[in-house]
$ cat run_38.tsv   # TSV, C-alpha atoms
chain	number	residue	atom	x	y	z
A	1	MET	CA	217.59	117.76	-29.43
A	2	HIS	CA	219.52	115.06	-27.65
A	3	LYS	CA	222.74	115.14	-25.73
A	4	VAL	CA	225.17	112.27	-25.38
A	5	ALA	CA	226.61	111.66	-21.93
A	6	GLU	CA	229.12	109.12	-20.69
A	7	VAL	CA	228.19	107.29	-17.50
A	8	GLU	CA	230.69	105.44	-15.33
A	9	VAL	CA	229.02	102.18	-14.38
A	10	GLN	CA	231.88	100.05	-13.02
A	11	HIS	CA	229.71	97.10	-12.10
A	12	ASP	CA	231.63	93.83	-12.16
A	13	ILE	CA	229.34	90.83	-12.62
A	14	MET	CA	232.02	88.55	-11.15
A	15	VAL	CA	232.34	90.75	-8.07
A	16	ALA	CA	228.56	90.60	-7.64
A	17	ASN	CA	228.81	86.78	-7.49
A	18	LYS	CA	231.80	87.01	-5.12
A	19	LYS	CA	229.84	89.25	-2.75
A	20	LEU	CA	227.02	86.71	-2.68
A	21	ALA	CA	229.61	83.99	-2.11
A	22	ARG	CA	230.97	85.83	0.92
A	23	LYS	CA	227.43	86.17	2.22
A	24	ASN	CA	227.01	82.40	1.85
A	25	GLN	CA	230.17	81.82	3.85
A	26	ARG	CA	228.90	84.08	6.63
A	27	ILE	CA	225.64	82.10	6.73
A	28	LEU	CA	227.65	78.86	6.96
A	29	ASP	CA	230.06	80.23	9.57
A	30	LYS	CA	227.18	81.39	11.74
A	31	ASP	CA	226.06	77.77	12.09
A	32	ARG	CA	229.65	76.44	12.15
A	33	VAL	CA	229.16	74.51	8.93
A	34	PHE	CA	232.30	73.66	6.95
A	35	SER	CA	231.55	73.42	3.24
A	36	VAL	CA	233.27	71.65	0.38
A	37	ASP	CA	232.61	72.61	-3.24
A	38	VAL	CA	233.03	69.40	-5.23
A	39	VAL	CA	233.73	70.08	-8.89
A	40	GLY	CA	234.94	67.72	-11.57
A	41	ALA	CA	234.41	66.04	-14.87
A	42	ILE	CA	231.17	64.31	-15.82
A	43	GLY	CA	231.23	60.71	-14.58
A	44	SER	CA	234.48	61.12	-12.63
A	45	GLY	CA	232.87	59.79	-9.44
A	46	LYS	CA	231.90	62.95	-7.54
A	47	THR	CA	228.59	61.53	-6.33
A	48	SER	CA	230.09	58.13	-5.44
A	49	LEU	CA	232.94	59.78	-3.53
A	50	ILE	CA	230.55	61.92	-1.47
A	51	GLU	CA	228.38	58.84	-0.81
A	52	ALA	CA	231.43	56.91	0.41
A	53	ILE	CA	232.45	59.80	2.67
A	54	ILE	CA	228.92	60.00	4.15
A	55	ASP	CA	229.17	56.30	5.06
A	56	ALA	CA	232.71	56.56	6.46
A	57	VAL	CA	232.73	59.58	8.76
A	58	ASP	CA	231.14	60.43	12.10
A	59	TYR	CA	230.32	64.06	11.48
A	60	LYS	CA	226.88	65.15	10.31
A	61	ILE	CA	226.79	65.73	6.58
A	62	GLY	CA	224.44	67.68	4.35
A	63	VAL	CA	224.50	67.83	0.57
A	64	ILE	CA	223.53	70.29	-2.12
A	65	ALA	CA	223.24	68.26	-5.31
A	66	GLY	CA	223.63	70.54	-8.30
A	67	ASP	CA	223.00	69.24	-11.76
A	68	VAL	CA	221.23	70.11	-14.97
A	69	ILE	CA	218.58	67.72	-13.66
A	70	SER	CA	219.42	67.13	-10.02
A	71	LYS	CA	216.85	64.54	-8.92
A	72	TYR	CA	219.02	61.55	-9.82
A	73	ASP	CA	221.97	62.49	-7.64
A	74	ALA	CA	219.70	63.94	-4.94
A	75	SER	CA	217.84	60.65	-4.55
A	76	ARG	CA	221.14	58.78	-4.22
A	77	PHE	CA	222.11	61.00	-1.29
A	78	GLU	CA	218.67	60.70	0.28
A	79	ASN	CA	219.24	56.95	0.50
A	80	HIS	CA	222.07	57.70	2.94
A	81	ASN	CA	219.64	59.53	5.25
A	82	VAL	CA	221.31	62.93	5.09
A	83	PRO	CA	219.61	66.27	4.41
A	84	VAL	CA	219.76	67.01	0.68
A	85	VAL	CA	218.69	69.89	-1.52
A	86	GLY	CA	218.69	69.30	-5.27
A	87	LEU	CA	219.50	72.33	-7.38
A	88	ASN	CA	218.41	72.19	-10.99
A	89	THR	CA	220.54	74.49	-13.09
A	90	GLY	CA	218.42	73.85	-16.19
A	91	LYS	CA	220.40	75.25	-19.09
A	92	GLU	CA	223.30	76.44	-16.97
A	93	CYS	CA	226.56	74.58	-16.81
A	94	HIS	CA	227.55	75.50	-13.25
A	95	LEU	CA	226.25	76.49	-9.82
A	96	ASP	CA	226.52	80.11	-8.77
A	97	ALA	CA	226.44	81.79	-5.37
A	98	HIS	CA	222.87	82.94	-5.83
A	99	LEU	CA	221.55	79.40	-6.42
A	100	VAL	CA	223.52	78.11	-3.44
A	101	GLU	CA	222.11	80.83	-1.19
A	102	HIS	CA	218.60	79.58	-1.98
A	103	ALA	CA	219.60	76.02	-1.14
A	104	LEU	CA	221.17	77.10	2.18
A	105	HIS	CA	217.78	78.41	3.32
A	106	ASP	CA	216.27	74.97	2.70
A	107	LEU	CA	218.84	73.05	4.75
A	108	PRO	CA	218.83	72.42	8.53
A	109	LEU	CA	222.25	74.07	8.93
A	110	GLY	CA	222.16	73.72	12.73
A	111	ASP	CA	222.23	69.93	12.26
A	112	ILE	CA	225.06	69.87	9.72
A	113	ASP	CA	228.81	69.81	10.42
A	114	VAL	CA	230.05	69.47	6.85
A	115	LEU	CA	228.14	70.49	3.74
A	116	PHE	CA	229.15	69.02	0.38
A	117	ILE	CA	228.09	71.11	-2.60
A	118	GLU	CA	228.26	68.92	-5.69
A	119	ASN	CA	228.68	71.14	-8.72
A	120	VAL	CA	227.60	70.34	-12.27
A	121	GLY	CA	230.05	68.00	-14.02
A	122	ASN	CA	232.18	70.55	-15.86
A	123	LEU	CA	235.85	71.57	-15.68
A	124	ILE	CA	235.40	74.94	-17.36
A	125	CYS	CA	232.51	77.11	-16.20
A	126	PRO	CA	232.69	76.56	-12.39
A	127	VAL	CA	236.10	78.30	-12.49
A	128	ASP	CA	234.34	81.66	-12.74
A	129	PHE	CA	231.92	81.13	-9.86
A	130	ASP	CA	232.95	81.15	-6.23
A	131	LEU	CA	230.15	79.64	-4.13
A	132	GLY	CA	231.34	80.69	-0.68
A	133	SER	CA	232.57	77.23	0.29
A	134	HIS	CA	235.60	76.76	2.56
A	135	MET	CA	237.45	74.48	0.17
A	136	ARG	CA	237.20	73.27	-3.41
A	137	MET	CA	237.87	69.63	-4.24
A	138	VAL	CA	238.39	68.77	-7.91
A	139	VAL	CA	237.58	65.17	-8.88
A	140	ILE	CA	238.70	63.73	-12.20
A	141	SER	CA	239.31	60.17	-13.30
A	142	VAL	CA	241.74	58.34	-15.55
A	143	THR	CA	238.95	57.35	-17.92
A	144	GLU	CA	238.65	60.94	-19.17
A	145	GLY	CA	242.18	60.64	-20.53
A	146	ASP	CA	245.52	61.58	-19.02
A	147	ASP	CA	245.55	64.95	-20.82
A	148	THR	CA	242.53	66.18	-18.83
A	149	VAL	CA	244.63	68.26	-16.43
A	150	GLU	CA	246.71	70.08	-19.03
A	151	LYS	CA	243.58	70.85	-21.05
A	152	HIS	CA	241.80	72.47	-18.10
A	153	PRO	CA	244.52	74.22	-16.09
A	154	LEU	CA	242.46	76.95	-14.44
A	155	ILE	CA	240.20	74.65	-12.44
A	156	PHE	CA	243.33	73.11	-10.89
A	157	GLN	CA	244.91	76.48	-10.20
A	158	ASP	CA	242.12	77.29	-7.73
A	159	ALA	CA	241.79	73.77	-6.24
A	160	ASP	CA	242.45	73.02	-2.57
A	161	LEU	CA	242.46	69.25	-3.08
A	162	VAL	CA	242.64	67.16	-6.26
A	163	VAL	CA	241.39	63.57	-6.51
A	164	ILE	CA	242.34	61.39	-9.47
A	165	ASN	CA	239.82	58.59	-9.35
A	166	LYS	CA	239.43	55.14	-10.94
A	167	VAL	CA	243.19	54.51	-10.97
A	168	ASP	CA	242.42	50.77	-11.03
A	169	LEU	CA	241.32	51.35	-14.63
A	170	ALA	CA	244.42	53.28	-15.73
A	171	ASP	CA	246.03	50.36	-17.58
A	172	ALA	CA	242.75	49.29	-19.16
A	173	VAL	CA	242.17	52.73	-20.69
A	174	GLY	CA	245.85	53.41	-21.42
A	175	ALA	CA	246.11	56.41	-19.12
A	176	ASP	CA	249.23	57.45	-17.22
A	177	ASP	CA	247.97	58.50	-13.78
A	178	ASP	CA	251.44	59.65	-12.69
A	179	LYS	CA	251.44	62.13	-15.58
A	180	MET	CA	248.11	63.52	-14.34
A	181	VAL	CA	249.63	64.02	-10.88
A	182	SER	CA	252.69	65.81	-12.25
A	183	ASP	CA	250.53	67.97	-14.54
A	184	VAL	CA	248.60	69.18	-11.49
A	185	ALA	CA	251.87	69.86	-9.64
A	186	GLU	CA	253.08	71.99	-12.51
A	187	ILE	CA	249.94	74.13	-12.50
A	188	ASN	CA	249.42	74.29	-8.73
A	189	PRO	CA	252.57	73.29	-6.81
A	190	GLU	CA	250.89	73.67	-3.41
A	191	VAL	CA	247.86	71.43	-3.83
A	192	GLN	CA	247.64	67.86	-2.50
A	193	VAL	CA	246.83	65.29	-5.20
A	194	ILE	CA	245.40	61.90	-4.19
A	195	LYS	CA	245.05	58.90	-6.48
A	196	THR	CA	241.95	56.91	-5.59
A	197	SER	CA	239.84	53.99	-6.59
A	198	LEU	CA	236.47	53.73	-4.95
A	199	LYS	CA	236.29	50.14	-6.23
A	200	THR	CA	239.45	48.96	-4.44
A	201	GLY	CA	239.53	51.60	-1.68
A	202	THR	CA	242.92	52.95	-2.78
A	203	GLY	CA	243.55	56.43	-1.44
A	204	PHE	CA	240.09	56.84	0.06
A	205	ASN	CA	241.32	57.28	3.65
A	206	ASP	CA	243.78	59.90	2.42
A	207	VAL	CA	240.87	61.93	1.03
A	208	ILE	CA	239.08	61.76	4.39
A	209	GLU	CA	242.27	62.78	6.19
A	210	ALA	CA	242.89	65.66	3.80
A	211	ILE	CA	239.37	67.00	4.28
A	212	ASN	CA	239.74	66.59	8.06
A	213	GLY	CA	242.93	68.63	7.85
A	214	PHE	CA	241.06	71.49	6.19
A	215	ILE	CA	238.24	71.25	8.73
A	216	ASN	CA	240.71	71.42	11.63
A	217	ASP	CA	242.56	74.38	10.09
A	218	ASN	CA	239.35	76.31	9.57
B	1	MET	CA	228.56	77.87	-21.77
B	2	HIS	CA	227.64	80.63	-19.36
B	3	GLU	CA	227.98	83.52	-21.78
B	4	LEU	CA	224.18	83.77	-22.04
B	5	SER	CA	223.63	84.34	-18.32
B	6	MET	CA	226.56	86.75	-18.20
B	7	ALA	CA	225.16	88.62	-21.23
B	8	GLN	CA	221.80	88.89	-19.48
B	9	ALA	CA	223.47	90.22	-16.31
B	10	ILE	CA	225.35	92.78	-18.40
B	11	VAL	CA	222.16	93.94	-20.14
B	12	ASP	CA	220.35	94.22	-16.79
B	13	THR	CA	223.23	96.28	-15.38
B	14	VAL	CA	223.28	98.60	-18.40
B	15	LEU	CA	219.50	99.07	-18.37
B	16	ASP	CA	219.57	99.86	-14.67
B	17	ALA	CA	222.28	102.52	-15.14
B	18	ALA	CA	220.55	103.91	-18.23
B	19	GLU	CA	217.21	104.28	-16.45
B	20	LYS	CA	218.81	105.92	-13.41
B	21	ASN	CA	220.37	108.47	-15.74
B	22	ASN	CA	217.14	109.12	-17.68
B	23	ALA	CA	218.61	107.81	-20.93
B	24	THR	CA	216.46	107.76	-24.03
B	25	GLU	CA	218.93	105.47	-25.75
B	26	VAL	CA	222.21	103.72	-25.01
B	27	VAL	CA	224.67	104.31	-27.84
B	28	GLU	CA	227.78	102.58	-26.55
B	29	VAL	CA	228.65	99.99	-23.88
B	30	THR	CA	232.21	99.24	-22.81
B	31	ILE	CA	232.80	95.95	-21.01
B	32	GLU	CA	236.08	94.72	-19.55
B	33	VAL	CA	236.64	90.96	-19.70
B	34	GLY	CA	239.59	89.45	-17.87
B	35	MET	CA	241.75	87.03	-19.79
B	36	LEU	CA	241.46	84.44	-17.03
B	37	THR	CA	237.68	84.25	-17.16
B	38	MET	CA	236.10	81.37	-19.00
B	39	LEU	CA	234.19	83.88	-21.14
B	40	ASN	CA	234.76	83.89	-24.85
B	41	PRO	CA	234.45	87.56	-25.96
B	42	GLU	CA	233.23	86.58	-29.44
B	43	GLN	CA	230.41	84.45	-28.03
B	44	LEU	CA	229.58	87.12	-25.46
B	45	LYS	CA	229.29	89.76	-28.15
B	46	PHE	CA	227.13	87.55	-30.35
B	47	LEU	CA	224.72	86.84	-27.49
B	48	LEU	CA	224.58	90.49	-26.46
B	49	ASP	CA	223.63	91.41	-30.03
B	50	VAL	CA	220.78	88.89	-29.85
B	51	ILE	CA	219.32	89.77	-26.45
B	52	VAL	CA	219.43	93.57	-26.71
B	53	GLU	CA	216.57	93.52	-29.20
B	54	ASP	CA	213.69	95.81	-28.15
B	55	THR	CA	215.68	97.37	-25.30
B	56	LEU	CA	217.25	100.81	-24.84
B	57	LEU	CA	220.56	99.40	-26.01
B	58	GLU	CA	219.28	97.81	-29.17
B	59	ASN	CA	221.52	99.99	-31.36
B	60	ALA	CA	224.42	100.37	-28.95
B	61	GLU	CA	227.95	99.64	-30.03
B	62	ILE	CA	229.37	96.94	-27.77
B	63	ILE	CA	233.06	97.33	-27.02
B	64	ILE	CA	234.83	94.50	-25.22
B	65	GLU	CA	238.25	95.28	-23.77
B	66	ASP	CA	240.56	92.46	-22.72
B	67	VAL	CA	242.00	92.85	-19.24
B	68	PRO	CA	245.49	91.35	-19.01
B	69	VAL	CA	246.61	89.26	-16.06
B	70	GLU	CA	248.51	91.04	-13.31
B	71	ILE	CA	250.05	89.02	-10.52
B	72	ASP	CA	251.80	89.29	-7.21
B	73	CYS	CA	254.45	86.56	-7.14
B	74	ARG	CA	254.84	84.53	-3.95
B	75	GLY	CA	258.25	83.30	-5.08
B	76	CYS	CA	259.94	86.67	-5.62
B	77	GLU	CA	259.06	90.34	-5.23
B	78	PHE	CA	257.56	90.72	-8.69
B	79	THR	CA	254.24	92.52	-9.14
B	80	GLY	CA	252.92	93.27	-12.61
B	81	LEU	CA	251.92	91.70	-15.90
B	82	ALA	CA	252.19	87.93	-16.00
B	83	ASN	CA	253.27	85.64	-18.77
B	84	THR	CA	250.19	83.75	-19.82
B	85	ASP	CA	250.37	80.73	-22.01
B	86	GLY	CA	247.15	81.44	-23.86
B	87	SER	CA	248.06	79.52	-26.99
B	88	ASP	CA	245.55	76.78	-26.25
B	89	HIS	CA	242.20	78.56	-26.66
B	90	TYR	CA	241.58	80.82	-23.66
B	91	LEU	CA	243.09	78.59	-21.02
B	92	ALA	CA	245.96	80.57	-19.67
B	93	ILE	CA	248.45	79.23	-17.15
B	94	VAL	CA	249.95	82.00	-15.10
B	95	VAL	CA	253.68	82.12	-14.53
B	96	CYS	CA	255.85	84.79	-12.91
B	97	PRO	CA	257.94	86.37	-15.70
B	98	GLU	CA	260.83	87.00	-13.27
B	99	CYS	CA	261.34	83.68	-11.51
B	100	GLY	CA	259.01	81.21	-13.27
B	101	GLU	CA	257.04	80.57	-10.10
B	102	ARG	CA	253.44	79.38	-10.57
B	103	ASN	CA	252.41	80.12	-7.00
B	104	VAL	CA	251.14	83.63	-7.62
B	105	GLU	CA	248.29	85.81	-6.44
B	106	ILE	CA	246.15	86.96	-9.33
B	107	LEU	CA	245.39	90.68	-9.07
B	108	THR	CA	243.54	91.28	-12.33
B	109	GLY	CA	242.23	89.14	-15.16
B	110	LYS	CA	239.12	87.62	-13.63
B	111	GLU	CA	236.67	90.46	-14.17
B	112	CYS	CA	233.56	90.93	-16.27
B	113	ASN	CA	233.02	94.61	-15.65
B	114	VAL	CA	230.47	96.93	-17.21
B	115	LYS	CA	232.83	99.90	-17.30
B	116	THR	CA	231.02	102.79	-18.99
B	117	ILE	CA	228.00	103.47	-21.11
B	118	LYS	CA	227.32	106.36	-23.47
B	119	ILE	CA	223.71	107.45	-23.40
B	120	GLU	CA	221.48	109.88	-25.15
B	121	LYS	CA	219.18	111.95	-23.03
B	122	SER	CA	216.77	114.72	-23.90
B	123	ASP	CA	217.98	118.30	-23.40
B	124	GLU	CA	215.69	118.86	-20.42
B	125	ASP	CA	217.48	116.09	-18.51
B	126	ALA	CA	220.98	116.94	-19.73
$ encode --input "run_38.tsv" --output "structure tokens"
Amino acid sequence: MHKVAEVEVQHDIMVANKKLARKNQRILDKDRVFSVDVVGAIGSGKTSLIEAIIDAVDYKIGVIAGDVISKYDASRFENHNVPVVGLNTGKECHLDAHLVEHALHDLPLGDIDVLFIENVGNLICPVDFDLGSHMRMVVISVTEGDDTVEKHPLIFQDADLVVINKVDLADAVGADDDKMVSDVAEINPEVQVIKTSLKTGTGFNDVIEAINGFINDN
Amino acid sequence: MHELSMAQAIVDTVLDAAEKNNATEVVEVTIEVGMLTMLNPEQLKFLLDVIVEDTLLENAEIIIEDVPVEIDCRGCEFTGLANTDGSDHYLAIVVCPECGERNVEILTGKECNVKTIKIEKSDEDA
């Protein structure tokens, strides 16, 4: 004889990730490390932007380079003589708080002022996974098409800073960068949107200033 | 595509609860999935059906309940169900139904919650 019983489980997988994310933030706060989760489209210039920031600022930077195969980006950062941990996600399309926690243990946090966590190039899956960073910067570029923002609204809803990169190529690829800016404003009226070109330097100082603003407010 | 890792986390959660309650079989699993998650319920269900093979929940009925989006509007006093423009696959934009404000705090709609399981247990344990 068997009996059927109903069991209340009430275990939220998302909450489990959020709890780990909060733990990550406590680890970072203990060593006074400000962290930036950099998410964005594939090939939008996330790695190049972080490289340019490393070269431009005085504070001590560390990087977690997340990718399906992370060694390529990780070796680029290593060339800038900053501490780097590469995180291979393998089949996964995003970083999660658990993976980041592992990477934090492998970084000299006492020697880092600002930690950039470069997420896997993806505008969909990272939405669901808080990493415990202090701010999230979304990087897209005009070459992905000027409908990128309206097609992926949720990633912009949670963004603290949005960078629209490669604006020097807007005419060449027939993209309206102003439309991309106004699409972001419609989804997230509060967020600062900066048009940049790492080739010409357009907007780059504004990105540094915006990040500095978040660091000072923290 | 993170449905596979989520499905695995769900199965682990269910197995843990089943074992703690001395289940001999899991007959039903109810999961709540928020409409603002990037999880596609159809894909999630398909993957769950695949990975439960040879586990206690091999024959369980999987029920996925959508959780609607509730918001607290920062523009007016409204708290409650939001208007979501979900016409374009699952990508909803949240808008306050009272004042049209998009600056809102999201109260529900982002969960992936293993809510309840129905288990069979032998009479001695019941």
$ residues_around --input "run_38.tsv" --residues "Pro97 (chain B)" --least-positions-apart "4" --cutoff "12 Å" --atoms "all atoms listed in the file" --output "PDB file with C-alpha atoms, in the coordinates of the input"
ATOM      1  CA  VAL B  69     246.610  89.260 -16.060  1.00  0.00           C
ATOM      2  CA  GLU B  70     248.510  91.040 -13.310  1.00  0.00           C
ATOM      3  CA  ILE B  71     250.050  89.020 -10.520  1.00  0.00           C
ATOM      4  CA  ASP B  72     251.800  89.290  -7.210  1.00  0.00           C
ATOM      5  CA  CYS B  73     254.450  86.560  -7.140  1.00  0.00           C
ATOM      6  CA  GLY B  75     258.250  83.300  -5.080  1.00  0.00           C
ATOM      7  CA  CYS B  76     259.940  86.670  -5.620  1.00  0.00           C
ATOM      8  CA  GLU B  77     259.060  90.340  -5.230  1.00  0.00           C
ATOM      9  CA  PHE B  78     257.560  90.720  -8.690  1.00  0.00           C
ATOM     10  CA  THR B  79     254.240  92.520  -9.140  1.00  0.00           C
ATOM     11  CA  GLY B  80     252.920  93.270 -12.610  1.00  0.00           C
ATOM     12  CA  LEU B  81     251.920  91.700 -15.900  1.00  0.00           C
ATOM     13  CA  ALA B  82     252.190  87.930 -16.000  1.00  0.00           C
ATOM     14  CA  ASN B  83     253.270  85.640 -18.770  1.00  0.00           C
ATOM     15  CA  THR B  84     250.190  83.750 -19.820  1.00  0.00           C
ATOM     16  CA  ASP B  85     250.370  80.730 -22.010  1.00  0.00           C
ATOM     17  CA  ILE B  93     248.450  79.230 -17.150  1.00  0.00           C
ATOM     18  CA  GLU B 101     257.040  80.570 -10.100  1.00  0.00           C
ATOM     19  CA  ARG B 102     253.440  79.380 -10.570  1.00  0.00           C
ATOM     20  CA  VAL B 104     251.140  83.630  -7.620  1.00  0.00           C
TER      21      VAL B 104
END
$ interface_residues --input "run_38.tsv" --of "chain A" --to "chain B" --cutoff "12 Å" --atoms "only C-alpha atoms" --output "count of residues only"
54
$ residues_around --input "run_38.tsv" --residues "region 49-60 of chain A" --least-positions-apart "5" --cutoff "7 Å" --atoms "only C-alpha atoms" --output "list in words"
Phe77, Asp111, Ile112, Asp113 and Val114 of chain A
$ closest_residue --input "run_38.tsv" --among "B:Leu44, B:Ile51, B:Ile106, B:Cys96" --to "Pro68 (chain B)" --atoms "all atoms listed in the file"
B:Ile106
$ closest_residue --input "run_38.tsv" --among "A:Ser133, A:Ser70, A:Asn218, A:Ser48" --to "Ser35 (chain A)" --atoms "all atoms listed in the file"
A:Ser133
$ atom_distance --input "run_38.tsv" --atom1 "CA of Asp178 (chain A)" --atom2 "CA of Glu144 (chain A)"
14.4 Å
$ atom_distance --input "run_38.tsv" --atom1 "CA of Gly145 (chain A)" --atom2 "CA of Lys199 (chain A)"
18.7 Å
$ closest_residue --input "run_38.tsv" --among "A:Leu87, A:Val33, A:Val63, A:Ile194" --to "Thr47 (chain A)" --atoms "all atoms listed in the file"
A:Val63
$ atom_distance --input "run_38.tsv" --atom1 "CA of Gln43 (chain B)" --atom2 "CA of Ala41 (chain A)"
23.0 Å
$ residues_around --input "run_38.tsv" --residues "Ile27 (chain A)" --least-positions-apart "6" --cutoff "10 Å" --atoms "all atoms listed in the file" --output "PyMOL selection string"
chain A and resi 21+33+101+104-105+109+132
$ residues_near_point --input "run_38.tsv" --point "(247.3, 60.1, -19.4)" --cutoff "9 Å" --atoms "only C-alpha atoms" --output "ChimeraX atom specification"
/A:142-148,170,174-180
